Amino acid sequence: MRQFLAALIPAVLSMVLPLQAAEVTDFKLDNGLEVVVIEDHRAPAVVHMVWYRVGSADEPPGQSGIAHFLEHLMFKATDELESGELSETVARNGGSDNAFTSYDYTGYFQRIAADRLELVMRMEASRMDGLALVEDDIATERDVVIEERNLRTENDPGALFAEQRSAAQYLNHPYGIPIIGWKHEAHSLTLEDAVSFYEQHYGPNNAILVVAGDVEPEQVRELAETYYGVIPPNPAVKPRKRVVEPPQLAERRLVFTDPRVADPYVVRTYLAPERDPGAQEKAAALTMLAQVLGGSPQTSVFAEKLNFGPPKAIYSAAWYSGQMLDDTTFGLAIVPAEGMSLEEAEAAMDQAVAEFLEEGVDPEDLARIKMQVRSSEIYALDDISTVANRYGSGLTSGLTIADIQAWPAILEAVTEEDIIAAAHEVFDRRNAVTGYVMPTDAAEVSQ
């Protein structure tokens, strides 16, 4: 019965998914703005998002955090809006808005009733080329960013360790620099820095407009032409130029200690290929590898070999962050069971990986995971924000609409052999960073 269901349920889902898929239309304005319209007429709501092809990995040296700092400043005054007016207007009309910065993109969004689309589009367009910063904006917002770093990073030893691990992973590439920026550089960001970054990277020819919800493509086209189409392309926008990470020839190791660490743990990350346009198969295999190896605390390979039986770990995991513009990482982690040292936990994790490579992938486990993936794809269609994010993040990370739409089928096509081949390719200790995280007193004892 178990094998029958494992075969039957994906087949049923494959029949359902196309019936639920959103209608997607895309076009480009004369000024270079790309527009993606995702129709979903089940509720009279709309998500309006503007994604810029610029993130923290595009920052000039010495100005780490400027992309995220500018994201904050974009809520200040424009040529047409008072400082804070955009968010206040959205809230007054029953909507919500926010923004985010990643390594490869910066995004701004509003979720509001469909009949208010023109309102939010007019306001968002006004800050695409009309931001009107003044010196008084800088100190206040810089303090906000620094306090955000204090809250999310300085007060979290796990976040501090992750920064150190990324810096060790990437010697040359800017993925080794935190998105929020190094604290000492955040203190020195200026009005000139923000204006320069804005003038170099913001404009319709470096942006993607994603509108999802109860809309018609021609309606969106008309509004986009009216409010965004009149903005001239920014001649300062240049093709992205990213430095290349040199070949890693030896494993890098670090020990991070902090008195606030409650449970010591081991993390290892390997350099790994990202999802490439037109060639996503390897990334799909790595995505499935992460799920099979350590995606579940109950049913994964790590759970079986490390968490159960005589327990060697109280927690274990594997993960893969595939949607990046450049080479990314594949990670493993283990929190040792009571009485086990970090050295013993690392050895147990390595043994579990070695046994997995020898034994191969259980076909029933892979069928179950594929069923879960297909189910999540269907459930995701219920949230227009999730769907809009999928297209915006994918397009600004180098993928195409065809790539994004093909991804579920590519995941479905991954075989047991694909997963093992991907594991053999990525699990090369010469491309790894291994970190021990422990309380300060434990480190002193071990010495």
# chains A, B, ... in the order shown; residues from 1 in each chain; ligands from 1
>>> select_by_dssp(residues="range 67-120 of chain A", states="strand (DSSP E or B)", output="count of residues only")
15
>>> residues_around(residues="range 384-401 of chain A", least_positions_apart="2", cutoff="10 Å", atoms="only C-alpha atoms", output="VMD selection string")
chain A and resid 22 24 to 26 34 36 to 40 43 45 to 55 102 to 107 109 to 111 206 to 214 274 to 280 323 to 326 377 379 to 382 403 to 406
>>> residues_around(residues="Leu366 in chain A", least_positions_apart="4", cutoff="8 Å", atoms="only C-alpha atoms", output="NGL selection string")
:A and (292 or 361-362 or 370 or 416)
>>> write_last_selection(atoms="N, CA, C and O atoms", output="mmCIF file, in the first residue's frame")
data_model
loop_
_atom_site.group_PDB
_atom_site.id
_atom_site.type_symbol
_atom_site.label_atom_id
_atom_site.label_comp_id
_atom_site.auth_asym_id
_atom_site.auth_seq_id
_atom_site.Cartn_x
_atom_site.Cartn_y
_atom_site.Cartn_z
ATOM 1 N N VAL A 292 16.719 14.853 1.074
ATOM 2 C CA VAL A 292 16.930 13.449 1.407
ATOM 3 C C VAL A 292 17.874 13.307 2.595
ATOM 4 O O VAL A 292 17.629 12.536 3.529
ATOM 5 N N VAL A 361 20.212 6.310 -2.539
ATOM 6 C CA VAL A 361 18.949 6.935 -2.152
ATOM 7 C C VAL A 361 17.836 5.887 -2.128
ATOM 8 O O VAL A 361 17.695 5.101 -3.068
ATOM 9 N N ASP A 362 17.069 5.894 -1.063
ATOM 10 C CA ASP A 362 15.915 5.001 -0.965
ATOM 11 C C ASP A 362 14.823 5.516 -1.915
ATOM 12 O O ASP A 362 14.351 6.642 -1.767
ATOM 13 N N LYS A 370 9.272 13.970 -3.245
ATOM 14 C CA LYS A 370 8.707 14.581 -4.453
ATOM 15 C C LYS A 370 7.225 14.899 -4.265
ATOM 16 O O LYS A 370 6.738 15.934 -4.733
ATOM 17 N N GLU A 416 17.582 8.986 -8.405
ATOM 18 C CA GLU A 416 18.493 8.607 -7.319
ATOM 19 C C GLU A 416 19.949 8.760 -7.755
ATOM 20 O O GLU A 416 20.787 9.235 -6.982
#
>>> residues_around(residues="Glu118 in chain A", least_positions_apart="2", cutoff="12 Å", atoms="only C-alpha atoms", output="ChimeraX atom specification")
/A:46-48,90,110,112-116,120-125,211,215,219-228
>>> decode(residues="range 33-62 of chain A", atoms="N, CA, C and O atoms", output="PDB file, in the first residue's frame")
ATOM      1  N   LEU A  33      11.998  48.792 -18.638  1.00  0.00           N
ATOM      2  CA  LEU A  33      11.351  48.158 -17.490  1.00  0.00           C
ATOM      3  C   LEU A  33      10.682  46.857 -17.921  1.00  0.00           C
ATOM      4  O   LEU A  33       9.867  46.834 -18.839  1.00  0.00           O
ATOM      5  N   GLU A  34      11.032  45.771 -17.255  1.00  0.00           N
ATOM      6  CA  GLU A  34      10.379  44.490 -17.490  1.00  0.00           C
ATOM      7  C   GLU A  34       9.151  44.385 -16.593  1.00  0.00           C
ATOM      8  O   GLU A  34       9.198  44.763 -15.419  1.00  0.00           O
ATOM      9  N   VAL A  35       8.068  43.870 -17.150  1.00  0.00           N
ATOM     10  CA  VAL A  35       6.808  43.766 -16.420  1.00  0.00           C
ATOM     11  C   VAL A  35       6.309  42.326 -16.486  1.00  0.00           C
ATOM     12  O   VAL A  35       6.274  41.726 -17.561  1.00  0.00           O
ATOM     13  N   VAL A  36       5.943  41.791 -15.332  1.00  0.00           N
ATOM     14  CA  VAL A  36       5.378  40.449 -15.236  1.00  0.00           C
ATOM     15  C   VAL A  36       4.025  40.570 -14.550  1.00  0.00           C
ATOM     16  O   VAL A  36       3.919  41.125 -13.451  1.00  0.00           O
ATOM     17  N   VAL A  37       2.987  40.053 -15.195  1.00  0.00           N
ATOM     18  CA  VAL A  37       1.628  40.090 -14.647  1.00  0.00           C
ATOM     19  C   VAL A  37       1.184  38.660 -14.366  1.00  0.00           C
ATOM     20  O   VAL A  37       1.224  37.802 -15.250  1.00  0.00           O
ATOM     21  N   ILE A  38       0.772  38.404 -13.131  1.00  0.00           N
ATOM     22  CA  ILE A  38       0.334  37.072 -12.703  1.00  0.00           C
ATOM     23  C   ILE A  38      -1.121  37.185 -12.297  1.00  0.00           C
ATOM     24  O   ILE A  38      -1.449  37.789 -11.273  1.00  0.00           O
ATOM     25  N   GLU A  39      -2.006  36.614 -13.082  1.00  0.00           N
ATOM     26  CA  GLU A  39      -3.441  36.745 -12.831  1.00  0.00           C
ATOM     27  C   GLU A  39      -3.922  35.734 -11.793  1.00  0.00           C
ATOM     28  O   GLU A  39      -3.611  34.546 -11.874  1.00  0.00           O
ATOM     29  N   ASP A  40      -4.685  36.238 -10.833  1.00  0.00           N
ATOM     30  CA  ASP A  40      -5.336  35.389  -9.836  1.00  0.00           C
ATOM     31  C   ASP A  40      -6.589  36.136  -9.402  1.00  0.00           C
ATOM     32  O   ASP A  40      -6.527  37.082  -8.616  1.00  0.00           O
ATOM     33  N   HIS A  41      -7.729  35.720  -9.932  1.00  0.00           N
ATOM     34  CA  HIS A  41      -8.974  36.473  -9.749  1.00  0.00           C
ATOM     35  C   HIS A  41      -9.834  35.935  -8.612  1.00  0.00           C
ATOM     36  O   HIS A  41     -11.019  36.267  -8.531  1.00  0.00           O
ATOM     37  N   ARG A  42      -9.247  35.143  -7.732  1.00  0.00           N
ATOM     38  CA  ARG A  42     -10.042  34.559  -6.660  1.00  0.00           C
ATOM     39  C   ARG A  42     -10.388  35.551  -5.562  1.00  0.00           C
ATOM     40  O   ARG A  42     -11.349  35.346  -4.821  1.00  0.00           O
ATOM     41  N   ALA A  43      -9.626  36.613  -5.421  1.00  0.00           N
ATOM     42  CA  ALA A  43      -9.902  37.612  -4.393  1.00  0.00           C
ATOM     43  C   ALA A  43      -9.564  38.988  -4.964  1.00  0.00           C
ATOM     44  O   ALA A  43      -8.631  39.127  -5.768  1.00  0.00           O
ATOM     45  N   PRO A  44     -10.286  40.028  -4.568  1.00  0.00           N
ATOM     46  CA  PRO A  44     -10.062  41.374  -5.116  1.00  0.00           C
ATOM     47  C   PRO A  44      -8.855  42.069  -4.481  1.00  0.00           C
ATOM     48  O   PRO A  44      -8.964  43.147  -3.885  1.00  0.00           O
ATOM     49  N   ALA A  45      -7.692  41.428  -4.579  1.00  0.00           N
ATOM     50  CA  ALA A  45      -6.465  41.962  -3.982  1.00  0.00           C
ATOM     51  C   ALA A  45      -5.338  41.897  -4.996  1.00  0.00           C
ATOM     52  O   ALA A  45      -5.397  41.133  -5.963  1.00  0.00           O
ATOM     53  N   VAL A  46      -4.309  42.680  -4.761  1.00  0.00           N
ATOM     54  CA  VAL A  46      -3.178  42.733  -5.679  1.00  0.00           C
ATOM     55  C   VAL A  46      -1.890  42.942  -4.898  1.00  0.00           C
ATOM     56  O   VAL A  46      -1.880  43.602  -3.856  1.00  0.00           O
ATOM     57  N   VAL A  47      -0.820  42.325  -5.386  1.00  0.00           N
ATOM     58  CA  VAL A  47       0.530  42.574  -4.870  1.00  0.00           C
ATOM     59  C   VAL A  47       1.304  43.288  -5.962  1.00  0.00           C
ATOM     60  O   VAL A  47       1.367  42.822  -7.106  1.00  0.00           O
ATOM     61  N   HIS A  48       1.863  44.425  -5.614  1.00  0.00           N
ATOM     62  CA  HIS A  48       2.621  45.258  -6.550  1.00  0.00           C
ATOM     63  C   HIS A  48       4.061  45.311  -6.052  1.00  0.00           C
ATOM     64  O   HIS A  48       4.333  45.748  -4.933  1.00  0.00           O
ATOM     65  N   MET A  49       5.002  44.821  -6.868  1.00  0.00           N
ATOM     66  CA  MET A  49       6.394  44.729  -6.434  1.00  0.00           C
ATOM     67  C   MET A  49       7.314  45.318  -7.492  1.00  0.00           C
ATOM     68  O   MET A  49       7.125  45.081  -8.694  1.00  0.00           O
ATOM     69  N   VAL A  50       8.312  46.064  -7.047  1.00  0.00           N
ATOM     70  CA  VAL A  50       9.386  46.524  -7.928  1.00  0.00           C
ATOM     71  C   VAL A  50      10.692  45.939  -7.410  1.00  0.00           C
ATOM     72  O   VAL A  50      11.064  46.151  -6.251  1.00  0.00           O
ATOM     73  N   TRP A  51      11.351  45.174  -8.271  1.00  0.00           N
ATOM     74  CA  TRP A  51      12.611  44.515  -7.941  1.00  0.00           C
ATOM     75  C   TRP A  51      13.735  45.177  -8.734  1.00  0.00           C
ATOM     76  O   TRP A  51      13.619  45.340  -9.949  1.00  0.00           O
ATOM     77  N   TYR A  52      14.809  45.551  -8.052  1.00  0.00           N
ATOM     78  CA  TYR A  52      15.974  46.123  -8.727  1.00  0.00           C
ATOM     79  C   TYR A  52      17.094  45.086  -8.772  1.00  0.00           C
ATOM     80  O   TYR A  52      17.326  44.365  -7.796  1.00  0.00           O
ATOM     81  N   ARG A  53      17.757  45.039  -9.917  1.00  0.00           N
ATOM     82  CA  ARG A  53      18.866  44.090 -10.086  1.00  0.00           C
ATOM     83  C   ARG A  53      20.130  44.642  -9.429  1.00  0.00           C
ATOM     84  O   ARG A  53      21.159  44.845 -10.071  1.00  0.00           O
ATOM     85  N   VAL A  54      20.044  44.855  -8.154  1.00  0.00           N
ATOM     86  CA  VAL A  54      21.195  45.309  -7.385  1.00  0.00           C
ATOM     87  C   VAL A  54      20.997  44.881  -5.940  1.00  0.00           C
ATOM     88  O   VAL A  54      19.899  44.967  -5.398  1.00  0.00           O
ATOM     89  N   GLY A  55      22.057  44.366  -5.339  1.00  0.00           N
ATOM     90  CA  GLY A  55      22.000  43.955  -3.950  1.00  0.00           C
ATOM     91  C   GLY A  55      23.313  44.242  -3.258  1.00  0.00           C
ATOM     92  O   GLY A  55      24.167  44.977  -3.778  1.00  0.00           O
ATOM     93  N   SER A  56      23.496  43.654  -2.104  1.00  0.00           N
ATOM     94  CA  SER A  56      24.696  43.952  -1.330  1.00  0.00           C
ATOM     95  C   SER A  56      25.968  43.487  -2.033  1.00  0.00           C
ATOM     96  O   SER A  56      27.051  44.036  -1.796  1.00  0.00           O
ATOM     97  N   ALA A  57      25.872  42.472  -2.906  1.00  0.00           N
ATOM     98  CA  ALA A  57      27.064  41.991  -3.608  1.00  0.00           C
ATOM     99  C   ALA A  57      27.503  42.940  -4.719  1.00  0.00           C
ATOM    100  O   ALA A  57      28.526  42.691  -5.356  1.00  0.00           O
ATOM    101  N   ASP A  58      26.749  44.008  -4.940  1.00  0.00           N
ATOM    102  CA  ASP A  58      27.108  44.999  -5.956  1.00  0.00           C
ATOM    103  C   ASP A  58      27.632  46.295  -5.340  1.00  0.00           C
ATOM    104  O   ASP A  58      27.788  47.308  -6.042  1.00  0.00           O
ATOM    105  N   GLU A  59      27.918  46.282  -4.047  1.00  0.00           N
ATOM    106  CA  GLU A  59      28.343  47.501  -3.357  1.00  0.00           C
ATOM    107  C   GLU A  59      29.813  47.823  -3.634  1.00  0.00           C
ATOM    108  O   GLU A  59      30.626  46.913  -3.816  1.00  0.00           O
ATOM    109  N   PRO A  60      30.167  49.110  -3.627  1.00  0.00           N
ATOM    110  CA  PRO A  60      31.584  49.463  -3.783  1.00  0.00           C
ATOM    111  C   PRO A  60      32.375  49.096  -2.538  1.00  0.00           C
ATOM    112  O   PRO A  60      31.823  49.044  -1.431  1.00  0.00           O
ATOM    113  N   PRO A  61      33.651  48.811  -2.685  1.00  0.00           N
ATOM    114  CA  PRO A  61      34.479  48.455  -1.519  1.00  0.00           C
ATOM    115  C   PRO A  61      34.440  49.545  -0.450  1.00  0.00           C
ATOM    116  O   PRO A  61      34.460  50.742  -0.751  1.00  0.00           O
ATOM    117  N   GLY A  62      34.361  49.107   0.802  1.00  0.00           N
ATOM    118  CA  GLY A  62      34.362  50.047   1.917  1.00  0.00           C
ATOM    119  C   GLY A  62      33.004  50.604   2.264  1.00  0.00           C
ATOM    120  O   GLY A  62      32.869  51.352   3.242  1.00  0.00           O
TER     121      GLY A  62
END
